[in-house]
2 protein chains.
Amino acid sequence: MKKIIIVGAGFAGLNAAVKLGNVPGLEVTVIDRKNHHLFQPLLYQVATAGLSPADIAKPIRNLLSRYRNITVLQGAVTDVDKDARIAVTDFGKFEYDYLILACGSHHAYFGHDEWEENAPGLKTLAQATEIRGRILNAFENAERENDPKEREKNLTYVIVGGGPTGVELAGAIAETSRFTLAEDFRHIDPQATRILLIEAGPRILPTFSEKLSLWATEQLKDLGVDVRVNTFVSNVDSSGVVASEQQINAATVLWAAGVKASSLGKRLNFPIDKQGRIIVESDLSISGYPNIMVAGDQAHFAHDRTQPLPGMAPAALQQGRFIAENIIREIAGRPRSSFKYVDKGQMATIGRNKAIAEFGRLKLHGFTAWVLWLIVHIYYLTGFRNRLFVTLQWGLSYVSFRKGARLIVRKEWRSYS
Amino acid sequence: MKKIIIVGAGFAGLNAAVKLGNVPGLEVTVIDRKNHHLFQPLLYQVATAGLSPADIAKPIRNLLSRYRNITVLQGAVTDVDKDARIAVTDFGKFEYDYLILACGSHHAYFGHDEWEENAPGLKTLAQATEIRGRILNAFENAERENDPKEREKNLTYVIVGGGPTGVELAGAIAETSRFTLAEDFRHIDPQATRILLIEAGPRILPTFSEKLSLWATEQLKDLGVDVRVNTFVSNVDSSGVVASEQQINAATVLWAAGVKASSLGKRLNFPIDKQGRIIVESDLSISGYPNIMVAGDQAHFAHDRTQPLPGMAPAALQQGRFIAENIIREIAGRPRSSFKYVDKGQMATIGRNKAIAEFGRLKLHGFTAWVLWLIVHIYYLTGFRNRLFVTLQWGLSYVSFRKGARLIVRKEWRSYS
């Protein structure tokens with residue numbers, strides 16, 4: 001009986017587990033801090049009140065319950081005894097024959113962790129509901145505010161980072177203020193909302209072709225988003241941000257600018273890059289530790305490529321499956337193979353009827369790309385129930401111009417009077 | 001132009017507002033701490049992972065946006081200058097001609113507020129998601145626990161209070177452990193879960209007839225719930241509860257035992273009863289302050305009755321409407337009328353196909369009562385979208401024996417690594 005431990009049940013870990021599920025001779029343990037697998041590509045819709053957390057998340061143990069050789073445990077791996085092959089967790093020690101690290105990434109603030117308080121990032125459901133509360137609260141505060149300066153500050157939203165998440169947040173906030181909230185306020189005009197999308201590079205969506213990037217910029221401008229490229233953020237505090245030496249007063253600042261891999265790689269003295277990603281061999285194992293493999297956002301994979309593979313769902317999914325297949329192959333006495341990334345293209349959405357998609361030489365924008373984006377996301381979403389509910393939520397929001405989850409839920413749960 | 005301020009947008013406040021909406025000559029301001037109206041009768045389903053918060057809550061300003069004479073402001077009323085007729089809030093002062101207090105109630109711990117930490121009550125969405133997290137976390141902890149005593153403690157759930165909320169929580173937790181989670185664990189048998197329902201009185205559901213109360217007790221026992229009547233809780237801490245001098249080790253204790261009205265009545269020196277409810281005249285106004293009316297859980301209404309009217313949705317709804325109608329009548333120069341409660345009966349659900357209902361002399365239990373319970377709750381639920389989604393969630397859960405929202409969302413939203 002070979003023991004396999006998978007740390008993290010994101011796209012990489014979950015897909016590795018599914019491949020290893022019910023394979024004779026394998027005993028698999030999946031360890032995650034959270035009880036749910038999250039469909040991160042739609043997390044921005046939870047943050048902007050379009051979907052509920054349960055629409056895009058499923059309990060890990062539920063997703064894996066049909067595989068009788070898999071045990072799911074909630075907790076954190078804190079250390080690894082690489083020689084004795086023991087994973088140390090906050091609730092006990094576990095021997096392994098193979099260890100799969102798929103711990104993902106979190107936001108990085110270029111050495112300014114203190115910015116997080118005023119500029120949350122978007123990686124978890126807790127962060128999404130926090131951001132949702134901040135976006136909605138700012139409108140509430142503007143409605144009850146008499147000071148025009150304070151009102152303007154409350155109606156100013158700054159999104160730092162012009163990648164897909166930043167663009168999707170900016171587009172969704174713009175649509176919420178223009179369509180969803182238009183009728184609901186008496187003292188403010190939600191359409192007067194200022195939304196700034198700040199990007200340090202020369203253009204937004206830099207992984208897409210220049211043509212699509214410029215098209216997306218025009219669409220955002222049509223929605224009223226102030227897109228500022230070549231702009232550097234040098235400070236974030238409760239007053240707002242300083243962007244290229246200019247103070248911008250804003251009650252809501254969202255961070256979509258840079259990520260850092262889980263600190264486990266550094267703590268275990270594995271070879272890492274600047275973003276904390278573990279540098280892996282062509283079979284995704286770590287040099288000197290052939291039985292420890294890394295997948296997803298935590299892996300720095302640069303073989304057959306000029307640039308390391310970026311942290312994105314298709315890469316994580318393929319790597320998770322690949323590692324599982326390699327382990328099965330090795331146990332059967334066959335040699336390991338090398339990982340080859342199959343480029344599935346990329347997509348980003350700006351808003352209603354507006355998306356971009358790029359598959360090799362095929363470049364799409366507008367309604368066709370948007371329909372494609374809908375289909376792909378529904379298809380990859382885990383679980384029949386989630387697919388049904390997301391489809392319905394989107395259908396209803398599309399015809400009604402309203403969003404279904406405009407809730408501010410206080411973090412404090414105790415009684416008050 | 002007459003100014004009306006409504007404090008609180010629960011069943012009472014919201015229904016008063018709707019009645020006053022678009023009535024010429026009236027300027028209505030609704031003030032609530034939260035941004036949403038909550039359908040409290042289904043809150044236990046959020047706490048037990050059956051529904052999502054957004055399924056049973058809607059933004060107040062969205063519900064009232066069609067009434068152009070209503071302004072919704074998020075905030076708290078902290079004081080009232082009764083002579084100058086000014087409501088003081090945490091964001092400014094507001095003059096009124098009529099003030100409607102509908103601030104509701106929160107849990108009371110018989111002078112032991114320190115119990116709340118280990119025995120949360122169920123009144124808000126934040127409390128419901130907190131309870132959901134605790135229930136699910138206890139199973140997670142049991143799964144990874146090696147000490148049999150600790151495992152048993154994690155699998156023991158104590159619900160204090162045998163009213164409808166306590167019964168609904170106990171029934172839902174029992175069904176979750178027996179059906180929903182049965183296949184998902186490897187080291188524990190969720191069916192071994194111990195669920196104790198503790199009631200100080202001689203029987204659970206004391207507002208129902210004895211026959212229905214006993215039938216419900218039998219159904220709970222069939223589901224494996226240990227129903228203990230005439231049992232007093234004398235302590236709650238992190239080890240569990242002390243019930244009639246006996247220590248019960250339990251990781252999860254839920255409080256459904258007593259409520260206290262908003263403290264505003266006491267702070268304003270209005271005549272109040274032991275539970276902090278403001279004692280009202282037959283027209284729901286306060287003696288000496290005819291232009292201040294109280295509705296819902298905050299009101300102690302005892303005219304035409306032997307007992308004061310209990311805090312329940314139909315009473316709040318009727319009182320809110322009644323107050324609005326009386327104000328419209330008075331402004332039109334007609335005399336006020338006296339409030340008469342129309343008894344709509346009462347219902348409680350134990351689980352699948354199991355509910356009780358009592359309408360005057362008509363007493364129902366079992367499948368018929370359960371179908372009736374479903375219909376009534378869907379009918380009264382606010383909003384087409386919520387009705388559709390709750391119906392679908394229930395339908396899917398009914399056929400699949402699975403629940404749709406088994407999420408533990410950490411309160412802490414910051415990045416970690």
# chains A, B, ... in the order shown; residues from 1 in each chain; ligands from 1
$ interface_residues --of "chain A" --to "chain B" --cutoff "7 Å" --atoms "only C-alpha atoms" --output "short mmCIF file (atom, residue, chain, number, x, y, z; two decimals) with C-alpha atoms, in the first residue's frame"
data_model
loop_
_atom_site.label_atom_id
_atom_site.label_comp_id
_atom_site.auth_asym_id
_atom_site.auth_seq_id
_atom_site.Cartn_x
_atom_site.Cartn_y
_atom_site.Cartn_z
CA ASN A 35 -13.44 22.50 3.95
CA HIS A 36 -14.27 23.52 0.38
CA SER A 52 -23.36 33.45 -3.46
CA ALA A 54 -22.15 28.29 -2.11
CA PRO A 59 -17.11 20.58 0.30
CA ARG A 61 -15.01 15.59 1.21
CA ASN A 62 -18.25 15.64 -0.72
CA SER A 65 -16.56 10.83 -1.08
CA THR A 71 -9.37 10.50 3.34
CA LEU A 73 -8.65 16.09 6.64
CA GLN A 74 -9.02 19.77 7.46
CA HIS A 106 -1.97 34.57 -1.81
CA HIS A 107 -1.64 38.27 -2.45
CA LEU A 125 -14.54 33.27 0.05
CA ALA A 126 -13.90 35.24 3.24
CA GLN A 127 -12.07 37.87 1.19
CA GLU A 130 -15.35 41.14 2.87
CA GLU A 140 -24.53 53.13 2.01
CA ARG A 144 -26.08 59.11 4.46
CA GLU A 183 -32.94 53.28 -8.76
CA ASP A 184 -32.17 52.42 -5.18
CA ARG A 186 -32.23 59.02 -3.02
CA SER A 262 2.56 29.67 -0.12
CA SER A 263 5.50 30.16 2.25
CA GLY A 404 -28.85 38.39 -6.39
CA ALA A 405 -26.52 38.63 -3.40
CA ARG A 406 -26.27 42.26 -2.30
CA LEU A 407 -25.63 41.42 1.33
CA ILE A 408 -23.47 43.09 3.92
CA VAL A 409 -22.92 40.49 6.64
CA ARG A 410 -21.16 41.80 9.72
CA LYS A 411 -18.13 39.79 10.73
CA GLU A 412 -19.13 40.27 14.36
CA TRP A 413 -21.77 37.65 15.10
CA SER A 415 -25.86 39.81 19.96
CA TYR A 416 -26.19 43.52 20.35
CA SER A 417 -28.96 45.79 21.46
#
$ residues_around --residues "region 151-157 of chain A" --least-positions-apart "2" --cutoff "9 Å" --atoms "only C-alpha atoms" --output "VMD selection string"
chain A and resid 135 137 to 149 159 170 173 188 190 192 to 197 239 to 240 248 to 254
$ write_last_selection --atoms "N, CA, C and O atoms" --output "compact mmCIF listing (two decimals), in the first residue's frame"
# COMPACT_ATOMS: atom_id res chain seq x y z
N ILE A 135 -17.70 47.18 -0.81
CA ILE A 135 -18.26 47.86 -1.99
C ILE A 135 -19.66 48.40 -1.67
O ILE A 135 -19.97 49.56 -1.92
N ASN A 137 -21.07 48.83 1.36
CA ASN A 137 -21.03 49.78 2.47
C ASN A 137 -20.65 51.17 2.01
O ASN A 137 -21.14 52.16 2.54
N ALA A 138 -19.77 51.26 1.02
CA ALA A 138 -19.35 52.57 0.54
C ALA A 138 -20.54 53.32 -0.05
O ALA A 138 -20.71 54.52 0.19
N PHE A 139 -21.41 52.60 -0.80
CA PHE A 139 -22.62 53.25 -1.31
C PHE A 139 -23.53 53.68 -0.16
O PHE A 139 -24.10 54.77 -0.16
N GLU A 140 -23.69 52.79 0.85
CA GLU A 140 -24.53 53.13 2.01
C GLU A 140 -24.00 54.38 2.71
O GLU A 140 -24.76 55.27 3.10
N ASN A 141 -22.69 54.44 2.90
CA ASN A 141 -22.10 55.59 3.58
C ASN A 141 -22.27 56.87 2.76
O ASN A 141 -22.51 57.94 3.32
N ALA A 142 -22.14 56.75 1.44
CA ALA A 142 -22.33 57.92 0.58
C ALA A 142 -23.76 58.45 0.71
O ALA A 142 -23.99 59.66 0.80
N GLU A 143 -24.73 57.52 0.77
CA GLU A 143 -26.14 57.92 0.83
C GLU A 143 -26.44 58.73 2.10
O GLU A 143 -27.26 59.62 2.09
N ARG A 144 -25.77 58.41 3.20
CA ARG A 144 -26.08 59.11 4.46
C ARG A 144 -25.11 60.23 4.77
O ARG A 144 -25.16 60.82 5.85
N GLU A 145 -24.21 60.52 3.86
CA GLU A 145 -23.15 61.51 4.09
C GLU A 145 -23.58 62.89 3.61
O GLU A 145 -24.14 63.02 2.53
N ASN A 146 -23.30 63.91 4.41
CA ASN A 146 -23.64 65.27 4.00
C ASN A 146 -22.45 66.02 3.40
O ASN A 146 -22.63 66.91 2.57
N ASP A 147 -21.25 65.68 3.83
CA ASP A 147 -20.05 66.35 3.34
C ASP A 147 -19.74 65.88 1.91
O ASP A 147 -19.49 64.69 1.68
N PRO A 148 -19.76 66.81 0.93
CA PRO A 148 -19.55 66.37 -0.47
C PRO A 148 -18.21 65.68 -0.69
O PRO A 148 -18.11 64.76 -1.52
N LYS A 149 -17.18 66.10 0.04
CA LYS A 149 -15.86 65.47 -0.13
C LYS A 149 -15.88 64.02 0.34
O LYS A 149 -15.33 63.13 -0.31
N ILE A 159 -9.02 50.04 -8.14
CA ILE A 159 -8.58 48.65 -8.28
C ILE A 159 -7.14 48.67 -8.76
O ILE A 159 -6.84 49.25 -9.81
N ALA A 170 -13.34 45.71 -11.93
CA ALA A 170 -13.68 47.06 -12.38
C ALA A 170 -14.95 47.05 -13.23
O ALA A 170 -15.85 47.87 -13.02
N ILE A 173 -18.05 46.29 -10.92
CA ILE A 173 -18.43 47.42 -10.06
C ILE A 173 -19.09 48.51 -10.91
O ILE A 173 -20.09 49.11 -10.53
N ILE A 188 -27.78 60.07 -3.54
CA ILE A 188 -26.63 59.99 -4.42
C ILE A 188 -27.06 59.42 -5.76
O ILE A 188 -28.09 58.74 -5.86
N PRO A 190 -25.73 56.74 -8.08
CA PRO A 190 -24.68 55.71 -8.17
C PRO A 190 -23.93 55.80 -9.49
O PRO A 190 -22.80 55.34 -9.60
N ALA A 192 -22.68 58.30 -10.65
CA ALA A 192 -21.57 59.25 -10.50
C ALA A 192 -20.34 58.57 -9.92
O ALA A 192 -19.32 59.21 -9.70
N THR A 193 -20.43 57.27 -9.65
CA THR A 193 -19.32 56.52 -9.11
C THR A 193 -18.06 56.66 -9.97
O THR A 193 -18.12 56.60 -11.18
N ARG A 194 -16.92 56.86 -9.30
CA ARG A 194 -15.63 56.91 -10.01
C ARG A 194 -14.94 55.58 -9.80
O ARG A 194 -14.76 55.14 -8.67
N ILE A 195 -14.54 54.94 -10.88
CA ILE A 195 -13.82 53.68 -10.77
C ILE A 195 -12.49 53.82 -11.48
O ILE A 195 -12.46 54.14 -12.68
N LEU A 196 -11.41 53.61 -10.76
CA LEU A 196 -10.08 53.72 -11.36
C LEU A 196 -9.42 52.35 -11.40
O LEU A 196 -9.38 51.65 -10.38
N LEU A 197 -8.92 51.99 -12.55
CA LEU A 197 -8.17 50.74 -12.69
C LEU A 197 -6.72 51.12 -12.94
O LEU A 197 -6.40 51.75 -13.95
N SER A 239 -7.06 56.74 3.65
CA SER A 239 -7.52 57.87 2.84
C SER A 239 -7.66 57.48 1.37
O SER A 239 -8.35 58.15 0.62
N GLY A 240 -6.98 56.42 0.95
CA GLY A 240 -7.02 56.01 -0.44
C GLY A 240 -5.64 55.55 -0.89
O GLY A 240 -4.95 54.89 -0.12
N ILE A 248 -5.18 59.87 -4.44
CA ILE A 248 -6.56 59.63 -4.89
C ILE A 248 -7.37 59.21 -3.66
O ILE A 248 -7.11 58.16 -3.08
N ASN A 249 -8.31 60.05 -3.24
CA ASN A 249 -9.13 59.71 -2.08
C ASN A 249 -10.16 58.66 -2.47
O ASN A 249 -10.93 58.84 -3.41
N ALA A 250 -10.15 57.54 -1.76
CA ALA A 250 -11.08 56.46 -2.08
C ALA A 250 -11.36 55.65 -0.84
O ALA A 250 -10.45 55.29 -0.09
N ALA A 251 -12.64 55.35 -0.61
CA ALA A 251 -13.01 54.53 0.55
C ALA A 251 -12.74 53.06 0.29
O ALA A 251 -12.52 52.29 1.22
N THR A 252 -12.78 52.67 -0.98
CA THR A 252 -12.62 51.25 -1.31
C THR A 252 -11.45 51.06 -2.26
O THR A 252 -11.45 51.60 -3.37
N VAL A 253 -10.44 50.34 -1.82
CA VAL A 253 -9.30 50.01 -2.66
C VAL A 253 -9.22 48.48 -2.70
O VAL A 253 -9.28 47.82 -1.66
N LEU A 254 -9.12 47.93 -3.89
CA LEU A 254 -9.02 46.48 -4.02
C LEU A 254 -7.70 46.13 -4.68
O LEU A 254 -7.22 46.84 -5.57
$ select_by_dssp --residues "region 193-322 of chain A" --states "helix (DSSP H, G or I)" --output "VMD selection string"
chain A and resid 210 to 222 264 to 267 296 to 298 313 to 322
$ atom_distance --atom1 "CA of Ile378 (chain A)" --atom2 "CA of Thr176 (chain B)"
27.8 Å
$ closest_residue --among "B:Ile272, B:Met347, B:Leu205, B:Leu372" --to "Ile286 (chain B)" --atoms "only C-alpha atoms"
B:Ile272
$ residues_around --residues "Ala216 (chain A)" --least-positions-apart "6" --cutoff "9 Å" --atoms "only C-alpha atoms" --output "ChimeraX atom specification"
/A:167,204-205,349-350,354-356,365
$ write_last_selection --atoms "N, CA and C atoms" --output "short mmCIF file (atom, residue, chain, number, x, y, z; two decimals), in the first residue's frame"
data_model
loop_
_atom_site.label_atom_id
_atom_site.label_comp_id
_atom_site.auth_asym_id
_atom_site.auth_seq_id
_atom_site.Cartn_x
_atom_site.Cartn_y
_atom_site.Cartn_z
N VAL A 167 -9.59 43.64 -14.07
CA VAL A 167 -10.52 44.05 -15.13
C VAL A 167 -11.94 43.58 -14.80
N ILE A 204 -3.31 47.10 -19.93
CA ILE A 204 -3.99 46.10 -19.09
C ILE A 204 -3.99 44.76 -19.82
N LEU A 205 -4.30 43.70 -19.10
CA LEU A 205 -4.36 42.34 -19.66
C LEU A 205 -3.14 42.01 -20.50
N THR A 349 -13.56 38.59 -18.93
CA THR A 349 -14.84 39.24 -19.21
C THR A 349 -14.82 40.66 -18.64
N ILE A 350 -15.46 41.56 -19.35
CA ILE A 350 -15.52 42.95 -18.90
C ILE A 350 -16.90 43.23 -18.33
N LYS A 354 -19.71 41.46 -23.12
CA LYS A 354 -18.37 41.97 -23.40
C LYS A 354 -17.31 41.06 -22.80
N ALA A 355 -16.58 40.35 -23.65
CA ALA A 355 -15.48 39.54 -23.16
C ALA A 355 -14.44 39.45 -24.26
N ILE A 356 -13.26 38.95 -23.88
CA ILE A 356 -12.25 38.67 -24.89
C ILE A 356 -11.78 37.23 -24.70
N HIS A 365 -13.65 38.90 -29.59
CA HIS A 365 -14.08 39.88 -28.59
C HIS A 365 -15.56 40.18 -28.80
#
